[in-house]
>>> print(open('query_39.cif').read())   # mmCIF, C-alpha atoms
data_coords
loop_
_atom_site.label_atom_id
_atom_site.label_comp_id
_atom_site.auth_asym_id
_atom_site.auth_seq_id
_atom_site.Cartn_x
_atom_site.Cartn_y
_atom_site.Cartn_z
CA MET A 1 75.20 81.70 118.44
CA ASP A 2 78.94 81.38 119.03
CA ARG A 3 79.76 83.60 122.02
CA THR A 4 83.51 83.76 121.50
CA THR A 5 83.69 86.94 123.59
CA GLU A 6 82.83 84.80 126.64
CA LYS A 7 85.27 81.95 125.97
CA ASP A 8 88.20 81.39 128.29
CA SER A 9 91.30 83.44 127.71
CA ARG A 10 94.15 81.82 125.82
CA TYR A 11 96.30 82.74 128.81
CA ASN A 12 96.16 81.41 132.36
CA ASP A 13 97.57 82.29 135.77
CA LEU A 14 97.62 85.98 134.88
CA GLU A 15 98.48 86.89 138.46
CA LYS A 16 101.67 84.85 138.17
CA MET A 17 102.89 86.61 135.02
CA SER A 18 105.57 89.25 135.15
CA LEU A 19 104.37 92.75 134.33
CA GLN A 20 106.36 92.59 131.11
CA ASP A 21 104.56 89.41 130.05
CA ILE A 22 101.15 90.84 130.94
CA LEU A 23 101.76 93.86 128.73
CA LEU A 24 103.32 91.80 125.95
CA ASN A 25 100.37 89.40 125.84
CA ILE A 26 97.75 92.14 125.95
CA ASN A 27 99.55 93.84 123.08
CA ARG A 28 99.76 90.55 121.17
CA GLU A 29 95.98 90.16 121.44
CA ASP A 30 95.34 93.81 120.52
CA GLN A 31 97.23 93.36 117.26
CA THR A 32 94.55 90.94 116.05
CA VAL A 33 91.78 93.55 116.27
CA PRO A 34 92.43 95.54 113.05
CA LEU A 35 92.57 92.26 111.13
CA ALA A 36 89.15 91.33 112.48
CA VAL A 37 87.80 94.76 111.52
CA ALA A 38 89.20 94.35 107.99
CA LYS A 39 87.04 91.27 107.47
CA ALA A 40 83.95 93.36 108.23
CA LEU A 41 84.72 96.20 105.78
CA PRO A 42 81.91 95.27 103.35
CA GLN A 43 79.43 95.38 106.23
CA ILE A 44 80.78 98.71 107.44
CA GLU A 45 80.52 100.11 103.91
CA ALA A 46 76.87 99.07 103.66
CA LEU A 47 76.03 100.74 106.99
CA ALA A 48 77.99 103.90 106.13
CA THR A 49 76.26 104.12 102.74
CA VAL A 50 72.74 104.06 104.13
CA THR A 51 73.68 106.37 107.01
CA ALA A 52 75.10 109.01 104.68
CA ALA A 53 72.05 108.78 102.41
CA LYS A 54 69.66 109.18 105.32
CA MET A 55 71.61 112.11 106.79
CA LYS A 56 71.82 113.86 103.42
CA ALA A 57 68.02 113.68 103.38
CA GLY A 58 67.79 115.32 106.81
CA GLY A 59 67.99 112.28 109.06
CA ARG A 60 70.07 111.71 112.17
CA LEU A 61 72.34 108.95 113.48
CA PHE A 62 71.54 107.36 116.84
CA TYR A 63 73.70 104.98 118.87
CA ILE A 64 72.33 102.83 121.70
CA GLY A 65 74.28 100.54 123.99
CA ALA A 66 74.95 99.51 127.58
CA GLY A 67 78.13 99.70 129.62
CA THR A 68 81.31 100.07 127.60
CA SER A 69 79.38 99.84 124.32
CA GLY A 70 77.07 102.66 125.34
CA ARG A 71 79.97 104.83 126.47
CA LEU A 72 81.78 104.31 123.16
CA GLY A 73 78.69 105.45 121.26
CA ILE A 74 78.43 108.56 123.41
CA VAL A 75 82.12 109.35 122.87
CA ASP A 76 81.76 109.09 119.09
CA ALA A 77 78.58 111.17 119.05
CA SER A 78 80.03 113.85 121.32
CA GLU A 79 83.12 114.24 119.13
CA CYS A 80 81.21 114.91 115.89
CA PRO A 81 80.19 118.54 116.62
CA PRO A 82 83.68 119.79 117.55
CA THR A 83 85.39 117.78 114.80
CA PHE A 84 82.99 118.44 111.94
CA GLY A 85 81.05 121.52 113.08
CA VAL A 86 77.70 119.72 112.91
CA PRO A 87 74.72 120.42 115.21
CA PHE A 88 74.65 118.48 118.47
CA ASP A 89 71.50 116.62 117.47
CA TRP A 90 72.88 115.14 114.25
CA VAL A 91 74.62 112.24 116.01
CA VAL A 92 73.14 111.13 119.34
CA GLY A 93 74.54 108.56 121.78
CA ILE A 94 72.24 106.96 124.35
CA ILE A 95 73.34 104.62 127.14
CA ALA A 96 71.19 102.20 129.15
CA GLY A 97 70.55 103.72 132.55
CA GLY A 98 70.81 107.32 131.36
CA ASP A 99 73.71 109.75 131.45
CA GLY A 100 74.59 108.76 135.03
CA ALA A 101 75.64 105.38 133.64
CA ILE A 102 78.47 107.04 131.74
CA ARG A 103 80.45 107.19 134.99
CA LYS A 104 78.78 104.62 137.21
CA ALA A 105 77.21 101.32 136.21
CA VAL A 106 73.42 101.17 136.66
CA GLU A 107 72.42 97.70 137.79
CA PHE A 108 70.31 95.69 135.35
CA ALA A 109 69.68 98.71 133.08
CA GLU A 110 70.84 96.69 130.08
CA ASP A 111 68.24 93.99 130.80
CA ASP A 112 65.24 96.26 130.14
CA ALA A 113 64.09 95.49 126.59
CA GLU A 114 61.50 98.30 126.58
CA GLN A 115 63.57 101.25 127.78
CA ALA A 116 65.68 101.95 124.67
CA TRP A 117 62.66 102.83 122.57
CA LYS A 118 61.33 105.07 125.35
CA ASP A 119 64.70 106.82 125.42
CA LEU A 120 64.68 107.22 121.63
CA LEU A 121 61.15 108.63 121.58
CA GLU A 122 62.40 111.56 123.68
CA TYR A 123 64.34 112.56 120.55
CA LYS A 124 61.32 111.94 118.28
CA ILE A 125 63.19 109.30 116.29
CA ASN A 126 61.50 108.63 112.95
CA ASP A 127 61.88 106.86 109.62
CA LYS A 128 64.34 109.48 108.34
CA ASP A 129 66.88 108.38 110.96
CA VAL A 130 69.38 105.54 111.44
CA LEU A 131 69.75 103.56 114.67
CA VAL A 132 72.96 101.63 115.40
CA GLY A 133 72.94 99.21 118.32
CA ILE A 134 76.33 98.59 119.92
CA ALA A 135 76.76 95.38 121.91
CA ALA A 136 79.95 93.32 122.16
CA SER A 137 78.07 90.15 123.08
CA GLY A 138 75.21 90.80 120.68
CA THR A 139 72.75 89.70 123.36
CA THR A 140 71.94 92.91 125.27
CA PRO A 141 68.13 93.14 125.76
CA TYR A 142 68.19 96.96 125.84
CA VAL A 143 69.74 97.01 122.37
CA ILE A 144 67.66 94.15 120.95
CA GLY A 145 64.45 95.82 122.10
CA GLY A 146 65.45 99.19 120.68
CA LEU A 147 66.31 97.74 117.27
CA LYS A 148 63.12 95.67 117.19
CA LYS A 149 60.89 98.70 117.82
CA ALA A 150 62.90 100.76 115.34
CA ASN A 151 62.28 98.15 112.66
CA GLU A 152 58.56 98.18 113.44
CA ASN A 153 58.62 101.95 112.92
CA LYS A 154 60.55 101.81 109.62
CA VAL A 155 63.79 103.23 111.06
CA ALA A 156 66.95 101.95 109.30
CA THR A 157 68.91 99.81 111.73
CA GLY A 158 72.52 98.71 112.06
CA CYS A 159 74.68 97.22 114.76
CA ILE A 160 78.27 96.66 115.87
CA VAL A 161 78.75 93.29 117.58
CA CYS A 162 81.70 90.99 118.25
CA ASN A 163 80.08 87.57 117.92
CA THR A 164 78.48 85.87 114.94
CA GLY A 165 74.83 84.87 114.76
CA SER A 166 73.71 87.14 117.58
CA PRO A 167 70.14 88.32 118.37
CA VAL A 168 71.29 91.94 117.95
CA ALA A 169 72.62 91.26 114.45
CA ALA A 170 69.40 89.40 113.60
CA GLU A 171 67.41 92.58 114.34
CA ALA A 172 69.70 94.89 112.33
CA ASN A 173 69.15 95.68 108.65
CA TYR A 174 72.87 96.46 108.32
CA PRO A 175 74.81 94.36 110.84
CA VAL A 176 78.53 94.76 111.42
CA GLU A 177 80.09 91.69 113.02
CA VAL A 178 83.72 91.99 114.11
CA VAL A 179 84.76 88.70 115.68
CA THR A 180 87.55 89.48 118.11
CA GLY A 181 87.61 86.16 119.98
CA PRO A 182 88.41 85.47 123.65
CA GLU A 183 89.71 88.37 125.71
CA PHE A 184 93.07 88.34 127.52
CA LEU A 185 91.02 88.71 130.72
CA THR A 186 88.14 86.30 130.17
CA GLY A 187 84.91 88.12 129.29
CA SER A 188 86.38 91.62 129.66
CA THR A 189 84.93 93.01 126.45
CA ARG A 190 86.13 96.52 127.23
CA MET A 191 89.44 95.22 125.85
CA LYS A 192 89.60 93.78 122.29
CA ALA A 193 85.88 94.01 121.62
CA GLY A 194 85.78 97.60 122.84
CA THR A 195 88.78 98.48 120.70
CA ALA A 196 87.08 96.94 117.67
CA GLN A 197 83.88 98.89 118.32
CA LYS A 198 85.84 102.12 118.65
CA LEU A 199 87.61 101.48 115.34
CA VAL A 200 84.32 100.80 113.56
CA LEU A 201 82.70 103.91 115.07
CA ASN A 202 85.67 106.00 113.90
CA MET A 203 85.25 104.62 110.40
CA LEU A 204 81.48 105.04 110.34
CA SER A 205 81.23 108.62 111.55
CA THR A 206 84.32 109.87 109.69
CA SER A 207 83.33 108.30 106.37
CA VAL A 208 79.78 109.61 106.71
CA MET A 209 80.96 113.14 107.50
CA ILE A 210 83.28 113.07 104.49
CA GLN A 211 80.30 112.05 102.34
CA LEU A 212 78.33 114.94 103.85
CA GLY A 213 81.00 117.40 102.69
CA ARG A 214 82.37 118.14 106.15
CA VAL A 215 86.00 117.57 105.09
CA LYS A 216 88.02 119.37 102.42
CA GLY A 217 91.17 117.70 101.16
CA ASN A 218 92.24 116.03 104.37
CA LYS A 219 91.30 118.89 106.70
CA MET A 220 88.58 119.46 109.30
CA VAL A 221 87.48 122.75 107.79
CA ASP A 222 84.34 123.01 109.92
CA MET A 223 85.92 122.14 113.29
CA GLN A 224 84.91 124.21 116.29
CA LEU A 225 87.66 126.52 117.51
CA THR A 226 87.29 125.66 121.18
CA ASN A 227 90.90 125.94 122.38
CA ASN A 228 94.21 127.56 121.45
CA LYS A 229 95.53 124.38 119.80
CA LEU A 230 92.58 124.29 117.43
CA VAL A 231 92.80 128.01 116.72
CA ASP A 232 96.48 127.59 115.82
CA ARG A 233 95.61 124.64 113.60
CA GLY A 234 92.88 126.70 111.95
CA ASN A 235 95.27 129.57 111.32
CA ARG A 236 97.73 127.25 109.59
CA MET A 237 94.94 125.82 107.45
CA VAL A 238 93.77 129.28 106.37
CA MET A 239 97.36 130.32 105.60
CA ALA A 240 97.90 127.17 103.51
CA GLU A 241 94.70 127.71 101.53
CA THR A 242 95.09 131.46 100.93
CA GLY A 243 98.81 132.22 101.09
CA LEU A 244 98.08 134.95 103.66
CA ASP A 245 100.44 135.83 106.48
CA GLU A 246 99.67 134.56 109.98
CA GLN A 247 98.22 137.80 111.33
CA THR A 248 95.84 138.31 108.42
CA ALA A 249 94.77 134.66 108.45
CA ALA A 250 94.12 134.84 112.19
CA GLY A 251 91.98 137.93 111.70
CA LEU A 252 89.88 136.22 109.04
CA LEU A 253 89.45 133.12 111.17
CA LYS A 254 88.36 135.15 114.18
CA LYS A 255 85.88 137.13 112.11
CA TYR A 256 84.26 134.22 110.29
CA GLY A 257 84.51 131.49 112.94
CA SER A 258 85.66 128.52 110.85
CA VAL A 259 88.32 127.63 108.33
CA ARG A 260 85.75 127.03 105.61
CA ASN A 261 84.01 130.37 106.15
CA ALA A 262 87.30 132.28 106.40
CA VAL A 263 88.64 130.80 103.15
CA ASP A 264 85.33 131.30 101.34
CA ALA A 265 85.20 134.93 102.47
CA TYR A 266 88.74 135.52 101.23
CA ARG A 267 87.95 133.99 97.84
CA ARG A 268 84.84 136.14 97.44
CA ARG A 269 86.93 139.30 97.62
#
>>> encode(input="query_39.cif", output="structure tokens")
Amino acid sequence: MDRTTEKDSRYNDLEKMSLQDILLNINREDQTVPLAVAKALPQIEALATVTAAKMKAGGRLFYIGAGTSGRLGIVDASECPPTFGVPFDWVVGIIAGGDGAIRKAVEFAEDDAEQAWKDLLEYKINDKDVLVGIAASGTTPYVIGGLKKANENKVATGCIVCNTGSPVAAEANYPVEVVTGPEFLTGSTRMKAGTAQKLVLNMLSTSVMIQLGRVKGNKMVDMQLTNNKLVDRGNRMVMAETGLDEQTAAGLLKKYGSVRNAVDAYRRR
């Protein structure tokens, strides 16, 4: 495989650069990431299609990864319930080393090829579900092992990697390969590769939730009203949909708990 994520940076003597040049060059590299993601759109579409189909049939979406990749999966999974009002077990993020690894690296956790499947079995993963392995290098044993066992158990598998021809992609039924190239800081895949993974995760979960009917127009009508900002946003959405004044809309929203329910209740009158 071509491990471009590990190749030397195009820049040298970083410690001798001015701060302005450091920031300029990081930004210059970052601008290449969306172009790399664009090349993978057909792969992302294939993964999003099967994920939506599985979830419509009652399945769940699982992410596994180590380090930055694992954390990104957890972030995406944790944002689905408040954004789309879905149950917390619909999208599940699992990181090598357990939840403690979210904040502090767990040594050699990513090198255990057996542990991912053990972690997934705690959630009773089955052939209704989808498993997406996230690994910038595409060589993480934890992810490879999890995908391999998932395939043996007829679980649909996908991945998000940043090299071509990787062992992770070879194990995935629906691989997504976003080739971001050498990092500004050699091998620091939390940078461009991590940005690419985040973009793909945004696209995957958002497009799937739209297909599941969790968006109306361009609004998050099922979002959880967990702070004043979101309550205010919900009020405006109810007002726009119903033509009601602010006080009446706020009363409906408080009574029914979501924009969708408040608007539906109003229309049933």
>>> resolve_selection(input="query_39.cif", expression="the PyMOL selection byres ((chain A and resi 23-27) around 9)", output="JSON, numbers by chain")
{"A": [11, 18, 19, 20, 21, 22, 28, 29, 30, 31, 183, 184, 185, 191]}
>>> atom_distance(input="query_39.cif", atom1="CA of Asn153 (chain A)", atom2="CA of Leu121 (chain A)")
11.2 Å
>>> resolve_selection(input="query_39.cif", expression="the PyMOL selection byres ((chain A and resi 1) around 6)", output="list of chain:residue names")
A:Asp2, A:Gly165, A:Ser166
>>> resolve_selection(input="query_39.cif", expression="the PyMOL selection byres ((chain A and resi 95-100) around 6)", output="list in words")
Ile64, Gly65, Ala66, Gly70, Ile94, Ala101, Ile102, Val106, Ala109 and Glu110 of chain A
>>> atom_distance(input="query_39.cif", atom1="CA of Thr32 (chain A)", atom2="CA of Ala172 (chain A)")
25.4 Å
>>> residues_around(input="query_39.cif", residues="Gly234 (chain A)", least_positions_apart="4", cutoff="7 Å", atoms="all atoms listed in the file", output="VMD selection string")
chain A and resid 230 238 259
>>> closest_residue(input="query_39.cif", among="A:Thr49, A:Ser78, A:Thr68, A:Ser205", to="Ser137 (chain A)", atoms="all atoms listed in the file")
A:Thr68
>>> closest_residue(input="query_39.cif", among="A:Glu246, A:Glu107, A:Asp76, A:Glu241", to="Ile134 (chain A)", atoms="only C-alpha atoms")
A:Asp76
>>> atom_distance(input="query_39.cif", atom1="CA of Pro82 (chain A)", atom2="CA of Ile125 (chain A)")
23.1 Å
>>> closest_residue(input="query_39.cif", among="A:Ala250, A:Ala116, A:Ala48, A:Ala57", to="Gly146 (chain A)", atoms="all atoms listed in the file")
A:Ala116
>>> residues_around(input="query_39.cif", residues="Met237 (chain A)", least_positions_apart="4", cutoff="10 Å", atoms="all atoms listed in the file", output="PyMOL selection string")
chain A and resi 219-221+231-233+241-243+249+253+259-260+263
>>> axis_aligned_box(input="query_39.cif", around="region 153-161 of chain A", padding_each_side="5 Å", output="lines of an AutoDock Vina configuration file")
center_x = 68.7
center_y = 98.3
center_z = 113.4
size_x = 30.1
size_y = 19.9
size_z = 18.3
>>> residues_near_point(input="query_39.cif", point="(73.6, 112.6, 115.6)", cutoff="9 Å", atoms="all atoms listed in the file", output="short mmCIF file (atom, residue, chain, number, x, y, z; two decimals) with C-alpha atoms, in the frame of the given file")
data_model
loop_
_atom_site.label_atom_id
_atom_site.label_comp_id
_atom_site.auth_asym_id
_atom_site.auth_seq_id
_atom_site.Cartn_x
_atom_site.Cartn_y
_atom_site.Cartn_z
CA GLY A 59 67.99 112.28 109.06
CA ARG A 60 70.07 111.71 112.17
CA LEU A 61 72.34 108.95 113.48
CA PHE A 62 71.54 107.36 116.84
CA TYR A 63 73.70 104.98 118.87
CA ALA A 77 78.58 111.17 119.05
CA SER A 78 80.03 113.85 121.32
CA CYS A 80 81.21 114.91 115.89
CA PRO A 81 80.19 118.54 116.62
CA VAL A 86 77.70 119.72 112.91
CA PRO A 87 74.72 120.42 115.21
CA PHE A 88 74.65 118.48 118.47
CA ASP A 89 71.50 116.62 117.47
CA TRP A 90 72.88 115.14 114.25
CA VAL A 91 74.62 112.24 116.01
CA VAL A 92 73.14 111.13 119.34
CA GLY A 93 74.54 108.56 121.78
#
>>> residues_around(input="query_39.cif", residues="Asp111 (chain A)", least_positions_apart="6", cutoff="9 Å", atoms="all atoms listed in the file", output="VMD selection string")
chain A and resid 96 140 to 142
>>> decode(input="query_39.cif", residues="region 129-157 of chain A", atoms="N, CA and C atoms", output="PDB file, in the first residue's frame")
ATOM      1  N   ASP A 129     -27.043  -4.437  11.415  1.00  0.00           N
ATOM      2  CA  ASP A 129     -26.279  -3.224  11.677  1.00  0.00           C
ATOM      3  C   ASP A 129     -25.232  -2.940  10.604  1.00  0.00           C
ATOM      4  N   VAL A 130     -24.616  -1.760  10.722  1.00  0.00           N
ATOM      5  CA  VAL A 130     -23.506  -1.346   9.856  1.00  0.00           C
ATOM      6  C   VAL A 130     -22.335  -0.966  10.752  1.00  0.00           C
ATOM      7  N   LEU A 131     -21.141  -1.424  10.388  1.00  0.00           N
ATOM      8  CA  LEU A 131     -19.928  -1.085  11.124  1.00  0.00           C
ATOM      9  C   LEU A 131     -18.981  -0.316  10.217  1.00  0.00           C
ATOM     10  N   VAL A 132     -18.579   0.878  10.653  1.00  0.00           N
ATOM     11  CA  VAL A 132     -17.633   1.702   9.890  1.00  0.00           C
ATOM     12  C   VAL A 132     -16.337   1.816  10.691  1.00  0.00           C
ATOM     13  N   GLY A 133     -15.256   1.325  10.110  1.00  0.00           N
ATOM     14  CA  GLY A 133     -13.946   1.462  10.734  1.00  0.00           C
ATOM     15  C   GLY A 133     -13.276   2.747  10.277  1.00  0.00           C
ATOM     16  N   ILE A 134     -12.750   3.502  11.224  1.00  0.00           N
ATOM     17  CA  ILE A 134     -12.111   4.785  10.913  1.00  0.00           C
ATOM     18  C   ILE A 134     -10.627   4.671  11.248  1.00  0.00           C
ATOM     19  N   ALA A 135      -9.774   4.865  10.264  1.00  0.00           N
ATOM     20  CA  ALA A 135      -8.330   4.730  10.480  1.00  0.00           C
ATOM     21  C   ALA A 135      -7.590   5.512   9.402  1.00  0.00           C
ATOM     22  N   ALA A 136      -6.933   6.582   9.780  1.00  0.00           N
ATOM     23  CA  ALA A 136      -6.244   7.418   8.803  1.00  0.00           C
ATOM     24  C   ALA A 136      -5.238   6.599   7.999  1.00  0.00           C
ATOM     25  N   SER A 137      -4.429   5.811   8.697  1.00  0.00           N
ATOM     26  CA  SER A 137      -3.403   5.018   8.027  1.00  0.00           C
ATOM     27  C   SER A 137      -4.001   3.868   7.235  1.00  0.00           C
ATOM     28  N   GLY A 138      -5.117   3.332   7.730  1.00  0.00           N
ATOM     29  CA  GLY A 138      -5.701   2.140   7.126  1.00  0.00           C
ATOM     30  C   GLY A 138      -5.018   0.863   7.566  1.00  0.00           C
ATOM     31  N   THR A 139      -4.211   0.940   8.627  1.00  0.00           N
ATOM     32  CA  THR A 139      -3.442  -0.228   9.078  1.00  0.00           C
ATOM     33  C   THR A 139      -3.691  -0.594  10.536  1.00  0.00           C
ATOM     34  N   THR A 140      -4.624   0.050  11.201  1.00  0.00           N
ATOM     35  CA  THR A 140      -4.844  -0.153  12.632  1.00  0.00           C
ATOM     36  C   THR A 140      -5.393  -1.554  12.922  1.00  0.00           C
ATOM     37  N   PRO A 141      -4.667  -2.398  13.656  1.00  0.00           N
ATOM     38  CA  PRO A 141      -5.124  -3.762  13.928  1.00  0.00           C
ATOM     39  C   PRO A 141      -6.488  -3.829  14.619  1.00  0.00           C
ATOM     40  N   TYR A 142      -6.738  -2.924  15.550  1.00  0.00           N
ATOM     41  CA  TYR A 142      -8.034  -2.891  16.245  1.00  0.00           C
ATOM     42  C   TYR A 142      -9.178  -2.785  15.242  1.00  0.00           C
ATOM     43  N   VAL A 143      -9.015  -1.928  14.249  1.00  0.00           N
ATOM     44  CA  VAL A 143     -10.060  -1.714  13.248  1.00  0.00           C
ATOM     45  C   VAL A 143     -10.122  -2.879  12.269  1.00  0.00           C
ATOM     46  N   ILE A 144      -8.966  -3.346  11.812  1.00  0.00           N
ATOM     47  CA  ILE A 144      -8.938  -4.482  10.880  1.00  0.00           C
ATOM     48  C   ILE A 144      -9.619  -5.692  11.495  1.00  0.00           C
ATOM     49  N   GLY A 145      -9.273  -5.985  12.750  1.00  0.00           N
ATOM     50  CA  GLY A 145      -9.859  -7.138  13.427  1.00  0.00           C
ATOM     51  C   GLY A 145     -11.361  -7.015  13.601  1.00  0.00           C
ATOM     52  N   GLY A 146     -11.825  -5.821  13.940  1.00  0.00           N
ATOM     53  CA  GLY A 146     -13.260  -5.601  14.104  1.00  0.00           C
ATOM     54  C   GLY A 146     -14.020  -5.797  12.804  1.00  0.00           C
ATOM     55  N   LEU A 147     -13.487  -5.256  11.713  1.00  0.00           N
ATOM     56  CA  LEU A 147     -14.145  -5.401  10.416  1.00  0.00           C
ATOM     57  C   LEU A 147     -14.143  -6.862   9.959  1.00  0.00           C
ATOM     58  N   LYS A 148     -13.033  -7.538  10.193  1.00  0.00           N
ATOM     59  CA  LYS A 148     -12.925  -8.943   9.783  1.00  0.00           C
ATOM     60  C   LYS A 148     -13.990  -9.797  10.474  1.00  0.00           C
ATOM     61  N   LYS A 149     -14.129  -9.645  11.784  1.00  0.00           N
ATOM     62  CA  LYS A 149     -15.128 -10.418  12.530  1.00  0.00           C
ATOM     63  C   LYS A 149     -16.541 -10.008  12.128  1.00  0.00           C
ATOM     64  N   ALA A 150     -16.734  -8.739  11.842  1.00  0.00           N
ATOM     65  CA  ALA A 150     -18.055  -8.276  11.395  1.00  0.00           C
ATOM     66  C   ALA A 150     -18.429  -8.945  10.085  1.00  0.00           C
ATOM     67  N   ASN A 151     -17.485  -9.019   9.173  1.00  0.00           N
ATOM     68  CA  ASN A 151     -17.752  -9.684   7.894  1.00  0.00           C
ATOM     69  C   ASN A 151     -18.106 -11.151   8.093  1.00  0.00           C
ATOM     70  N   GLU A 152     -17.407 -11.805   8.999  1.00  0.00           N
ATOM     71  CA  GLU A 152     -17.685 -13.221   9.286  1.00  0.00           C
ATOM     72  C   GLU A 152     -19.093 -13.404   9.840  1.00  0.00           C
ATOM     73  N   ASN A 153     -19.600 -12.346  10.482  1.00  0.00           N
ATOM     74  CA  ASN A 153     -20.930 -12.418  11.095  1.00  0.00           C
ATOM     75  C   ASN A 153     -21.993 -11.682  10.277  1.00  0.00           C
ATOM     76  N   LYS A 154     -21.703 -11.455   9.004  1.00  0.00           N
ATOM     77  CA  LYS A 154     -22.666 -10.898   8.047  1.00  0.00           C
ATOM     78  C   LYS A 154     -23.117  -9.477   8.383  1.00  0.00           C
ATOM     79  N   VAL A 155     -22.261  -8.721   9.067  1.00  0.00           N
ATOM     80  CA  VAL A 155     -22.530  -7.306   9.342  1.00  0.00           C
ATOM     81  C   VAL A 155     -21.988  -6.487   8.177  1.00  0.00           C
ATOM     82  N   ALA A 156     -22.770  -5.549   7.642  1.00  0.00           N
ATOM     83  CA  ALA A 156     -22.294  -4.673   6.567  1.00  0.00           C
ATOM     84  C   ALA A 156     -21.155  -3.796   7.096  1.00  0.00           C
ATOM     85  N   THR A 157     -20.086  -3.696   6.317  1.00  0.00           N
ATOM     86  CA  THR A 157     -18.915  -2.973   6.786  1.00  0.00           C
ATOM     87  C   THR A 157     -18.494  -1.865   5.828  1.00  0.00           C
TER      88      THR A 157
END
